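target-v4.txt, holding compact mmCIF, C-alpha atoms and all ligand atoms:
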```
# COMPACT_ATOMS: atom_id res chain seq x y z
CA MET A 137 129.03 1.86 -32.32
CA THR A 138 127.68 5.39 -32.61
CA GLY A 139 129.47 8.05 -30.63
CA LEU A 140 132.84 6.31 -30.88
CA ARG A 141 135.58 8.31 -32.51
CA THR A 142 137.37 6.24 -35.11
CA THR A 143 140.80 6.74 -36.60
CA PRO A 144 141.39 5.70 -40.24
CA GLN A 145 143.56 2.85 -38.99
CA ARG A 146 140.81 1.64 -36.72
CA SER A 147 138.19 1.69 -39.47
CA ASP A 148 140.46 -0.37 -41.72
CA LEU A 149 140.79 -2.92 -38.99
CA MET A 150 137.03 -2.97 -38.39
CA ARG A 151 136.39 -3.38 -42.10
CA ARG A 152 138.70 -6.38 -42.21
CA VAL A 153 137.05 -7.82 -39.11
CA ARG A 154 133.60 -7.55 -40.65
CA GLN A 155 134.63 -9.05 -43.98
CA SER A 156 135.86 -12.43 -42.86
CA GLY A 157 134.20 -15.01 -40.63
CA THR A 158 137.37 -15.87 -38.78
CA ALA A 159 138.53 -12.27 -38.40
CA PRO A 160 137.34 -11.86 -34.79
CA GLU A 161 139.70 -14.67 -33.81
CA LEU A 162 142.54 -13.08 -35.80
CA LEU A 163 142.00 -9.81 -33.99
CA VAL A 164 142.00 -11.53 -30.60
CA ARG A 165 145.31 -13.21 -31.54
CA GLN A 166 146.82 -9.89 -32.63
CA LEU A 167 145.75 -8.24 -29.40
CA LEU A 168 147.15 -11.12 -27.32
CA THR A 169 150.46 -10.93 -29.12
CA SER A 170 150.51 -7.18 -28.53
CA VAL A 171 150.29 -7.79 -24.77
CA GLY A 172 153.08 -10.38 -24.88
CA ALA A 173 151.02 -13.57 -24.65
CA LYS A 174 152.45 -16.84 -25.94
CA TYR A 175 149.85 -19.38 -27.03
CA ARG A 176 148.89 -22.26 -29.28
CA LEU A 177 145.89 -22.46 -31.60
CA ASN A 178 143.07 -25.04 -31.72
CA VAL A 179 144.51 -27.10 -28.90
CA ARG A 180 143.00 -30.54 -29.48
CA GLY A 181 144.38 -32.13 -26.33
CA LEU A 182 142.02 -29.97 -24.22
CA PRO A 183 138.22 -30.20 -23.78
CA GLY A 184 136.45 -28.31 -26.56
CA SER A 185 139.75 -27.73 -28.45
CA PRO A 186 140.11 -24.11 -27.30
CA ASP A 187 140.80 -21.64 -30.11
CA ILE A 188 143.70 -20.26 -28.10
CA ALA A 189 145.46 -21.87 -25.13
CA ASN A 190 148.63 -22.11 -23.10
CA LYS A 191 148.80 -25.37 -21.18
CA SER A 192 151.62 -24.48 -18.82
CA ARG A 193 149.96 -21.18 -17.84
CA ARG A 194 146.55 -22.90 -17.78
CA LYS A 195 144.82 -20.31 -19.92
CA ALA A 196 142.21 -21.06 -22.54
CA ILE A 197 140.24 -18.69 -24.75
CA PHE A 198 137.26 -19.39 -26.95
CA VAL A 199 136.20 -16.91 -29.60
CA HIS A 200 132.52 -17.62 -30.16
CA GLY A 201 130.33 -16.55 -33.04
CA CYS A 202 127.15 -15.09 -31.51
CA TYR A 203 124.88 -16.85 -33.97
CA TRP A 204 126.07 -20.47 -33.75
CA HIS A 205 126.90 -20.37 -30.10
CA GLY A 206 123.61 -18.67 -29.23
CA HIS A 207 124.89 -15.61 -27.38
CA GLN A 208 122.02 -14.90 -24.99
CA GLY A 209 120.50 -11.45 -25.21
CA CYS A 210 122.62 -10.58 -28.26
CA ARG A 211 121.03 -9.07 -31.36
CA ARG A 212 123.30 -11.20 -33.57
CA ALA A 213 121.90 -14.39 -32.07
CA THR A 214 118.75 -14.53 -34.18
CA VAL A 215 116.73 -17.68 -34.71
CA PRO A 216 115.56 -18.32 -38.30
CA LYS A 217 111.78 -17.99 -38.69
CA ALA A 218 111.47 -21.22 -40.67
CA ASN A 219 111.92 -24.35 -38.53
CA ARG A 220 112.16 -22.16 -35.48
CA ASP A 221 112.04 -25.01 -32.95
CA PHE A 222 114.73 -26.97 -34.75
CA TRP A 223 117.11 -24.03 -34.75
CA SER A 224 116.36 -22.88 -31.29
CA ASN A 225 117.01 -26.43 -29.99
CA LYS A 226 120.21 -26.61 -32.00
CA PHE A 227 121.54 -23.32 -30.60
CA GLN A 228 120.54 -24.40 -27.12
CA ARG A 229 122.49 -27.66 -27.55
CA ASN A 230 125.51 -25.67 -28.75
CA ARG A 231 125.27 -23.48 -25.65
CA GLN A 232 125.02 -26.53 -23.42
CA ARG A 233 128.02 -28.21 -25.05
CA ASP A 234 130.05 -25.00 -24.65
CA ALA A 235 129.13 -24.86 -20.96
CA GLU A 236 130.18 -28.51 -20.47
CA LYS A 237 133.60 -27.97 -22.08
CA LEU A 238 134.12 -24.87 -20.01
CA ALA A 239 133.32 -26.76 -16.81
CA LEU A 240 135.77 -29.54 -17.78
CA LEU A 241 138.55 -27.01 -18.36
CA GLN A 242 137.81 -25.28 -15.08
CA ALA A 243 137.95 -28.67 -13.34
CA MET A 244 141.47 -28.95 -14.80
CA ARG A 245 142.20 -25.60 -13.09
CA PHE A 246 142.27 -23.63 -16.34
CA ASP A 247 141.30 -19.98 -16.48
CA VAL A 248 138.81 -19.79 -19.31
CA LEU A 249 137.77 -16.68 -21.20
CA VAL A 250 134.95 -16.59 -23.73
CA VAL A 251 135.19 -13.72 -26.17
CA TRP A 252 132.00 -13.15 -28.13
CA GLU A 253 132.16 -11.97 -31.72
CA CYS A 254 130.11 -8.87 -30.83
CA GLU A 255 132.60 -7.90 -28.10
CA VAL A 256 135.53 -7.90 -30.52
CA PHE A 257 134.28 -4.63 -32.00
CA ALA A 258 134.92 -2.81 -28.72
CA GLU A 259 138.58 -3.20 -29.44
CA GLY A 260 140.16 -0.90 -26.85
CA THR A 261 138.34 -2.58 -24.01
CA LEU A 262 139.10 -6.02 -25.36
CA GLN A 263 142.86 -5.53 -25.29
CA GLU A 264 142.66 -4.56 -21.62
CA ARG A 265 140.43 -7.52 -20.86
CA LEU A 266 142.77 -9.94 -22.65
CA SER A 267 145.79 -8.54 -20.90
CA GLU A 268 144.16 -8.81 -17.47
CA PHE A 269 143.02 -12.33 -18.20
CA TRP A 270 146.36 -13.52 -19.50
CA HIS A 271 148.63 -11.90 -16.98
CA GLY A 272 146.25 -11.98 -14.03
ZN ZN B 1 126.94 -11.40 -29.16
```
What would the structure in this file look like if it were written as structure tokens?
Ligand SMILES: [Zn+2]
Amino acid sequence: MTGLRTTPQRSDLMRRVRQSGTAPELLVRQLLTSVGAKYRLNVRGLPGSPDIANKSRRKAIFVHGCYWHGHQGCRRATVPKANRDFWSNKFQRNRQRDAEKLALLQAMRFDVLVVWECEVFAEGTLQERLSEFWHG
């Protein structure tokens, strides 16, 4: 994050994002709304119950925590030192399950976007990405 100029408003937002576990998803929702997206939350009728989806537009978004979903190459995706094999298998299974759900949705001709928790902090870029995904 170094080198980025922050406005007071932006730092407030970042503070809120860091404080709560579900905040990355809240921020994604706010950004989607700001680009005019209409969506439903935790859509159980779809594979993997996407966090955010619009069935008629065939869009689905997952907001993944880097740790539990095992974001590869991410510094947040650490494996605990105790019971290392257990955890590393568990995170690998989570990754595999995520990939299966994504493939099922794509087979249903859904556009699927995975937003990683660590990417939410690059807020300006994310809004553009969400807008392109939703309206593209
Ligand atoms: Zn990450």
Worksheet item: If you count only C-alpha atoms and all ligand atoms, which residues end up within 10 Å of ligand ZN 1 (chain B), as a list of chain:residue names?
Response: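 For ligand ZN 1 (chain B), the residues inside 10 Å are A:His200, A:Gly201, A:Cys202, A:Tyr203, A:His205, A:Gly206, A:His207, A:Gln208, A:Gly209, A:Cys210, A:Arg211, A:Arg212, A:Ala213, A:Val251, A:Trp252, A:Glu253, A:Cys254, A:Glu255, A:Val256.
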Discussion item. To one decimal place in Å, what is the distance between CA of Phe246 (chain A) and CA of Arg194 (chain A)?
Written reply: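 A separation of 4.6 Å between them.
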Discussion item. Which residue is closest to Asp247 (chain A)? Choose from A:Leu168, A:Ile197, A:Val179, A:Ala173 and count all atoms listed in the file.
Written reply: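 Among the listed residues, A:Ile197 lies closest to Asp247 (chain A).
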Fill in: For Leu240 (chain A): contacts at 8 Å, all atoms listed in the file, fewer than 4 positions along chain excluded, given as a ChimeraX atom specification
/A:183,236,244
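When only C-alpha atoms are used to measure the gap to Trp204 (chain A), the shortest distance among A:Arg180, A:Ile188, A:Phe222, A:Asn230 belongs to A:Asn230.
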Worksheet item: How far is it from CA of Leu177 (chain A) to CA of Gly260 (chain A), in Å with one decimal?
Response: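 These atoms are spaced 22.8 Å apart.
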Item to complete: Find the residue from A:Ala239, A:Leu262, A:Asp187, A:Gln232 that sits nearest to Ser170 (chain A); use all atoms listed in the file when measuring.
Response: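 So, comparing all the options, the nearest one is A:Leu262.
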Practice prompt. Excluding Thr169 (chain A) and any residue of its chain fewer than 5 positions from it, enumerate the residues within 12 Å of it, using all atoms listed in the file, and give them as number ranges by chain.
Written response: A: 162-164, 174-176, 188, 263, 266-267, 270
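Between CA of Thr214 (chain A) and CA of Asn178 (chain A) the interatomic distance comes to 26.6 Å.
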Practice prompt. Would you list the contacts of Arg245 (chain A) as a list in words, taking every protein, DNA or RNA residue within 12 Å and counting all atoms listed in the file, but skipping same-chain residues closer than 5 positions in sequence?
Written response: Leu182, Lys191, Ser192, Arg193, Arg194, Lys195, Ala196, Leu238, Ala239 and Leu240 of chain A
Output C-alpha atoms for every residue in the selection just made, as a PDB file, in the frame of the given file.
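So the final result, stored in selection.pdb, reads:
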```pdb
ATOM      1  CA  LEU A 182     142.020 -29.970 -24.220  1.00  0.00           C
ATOM      2  CA  LYS A 191     148.800 -25.370 -21.180  1.00  0.00           C
ATOM      3  CA  SER A 192     151.620 -24.480 -18.820  1.00  0.00           C
ATOM      4  CA  ARG A 193     149.960 -21.180 -17.840  1.00  0.00           C
ATOM      5  CA  ARG A 194     146.550 -22.900 -17.780  1.00  0.00           C
ATOM      6  CA  LYS A 195     144.820 -20.310 -19.920  1.00  0.00           C
ATOM      7  CA  ALA A 196     142.210 -21.060 -22.540  1.00  0.00           C
ATOM      8  CA  LEU A 238     134.120 -24.870 -20.010  1.00  0.00           C
ATOM      9  CA  ALA A 239     133.320 -26.760 -16.810  1.00  0.00           C
ATOM     10  CA  LEU A 240     135.770 -29.540 -17.780  1.00  0.00           C
TER      11      LEU A 240
END
```
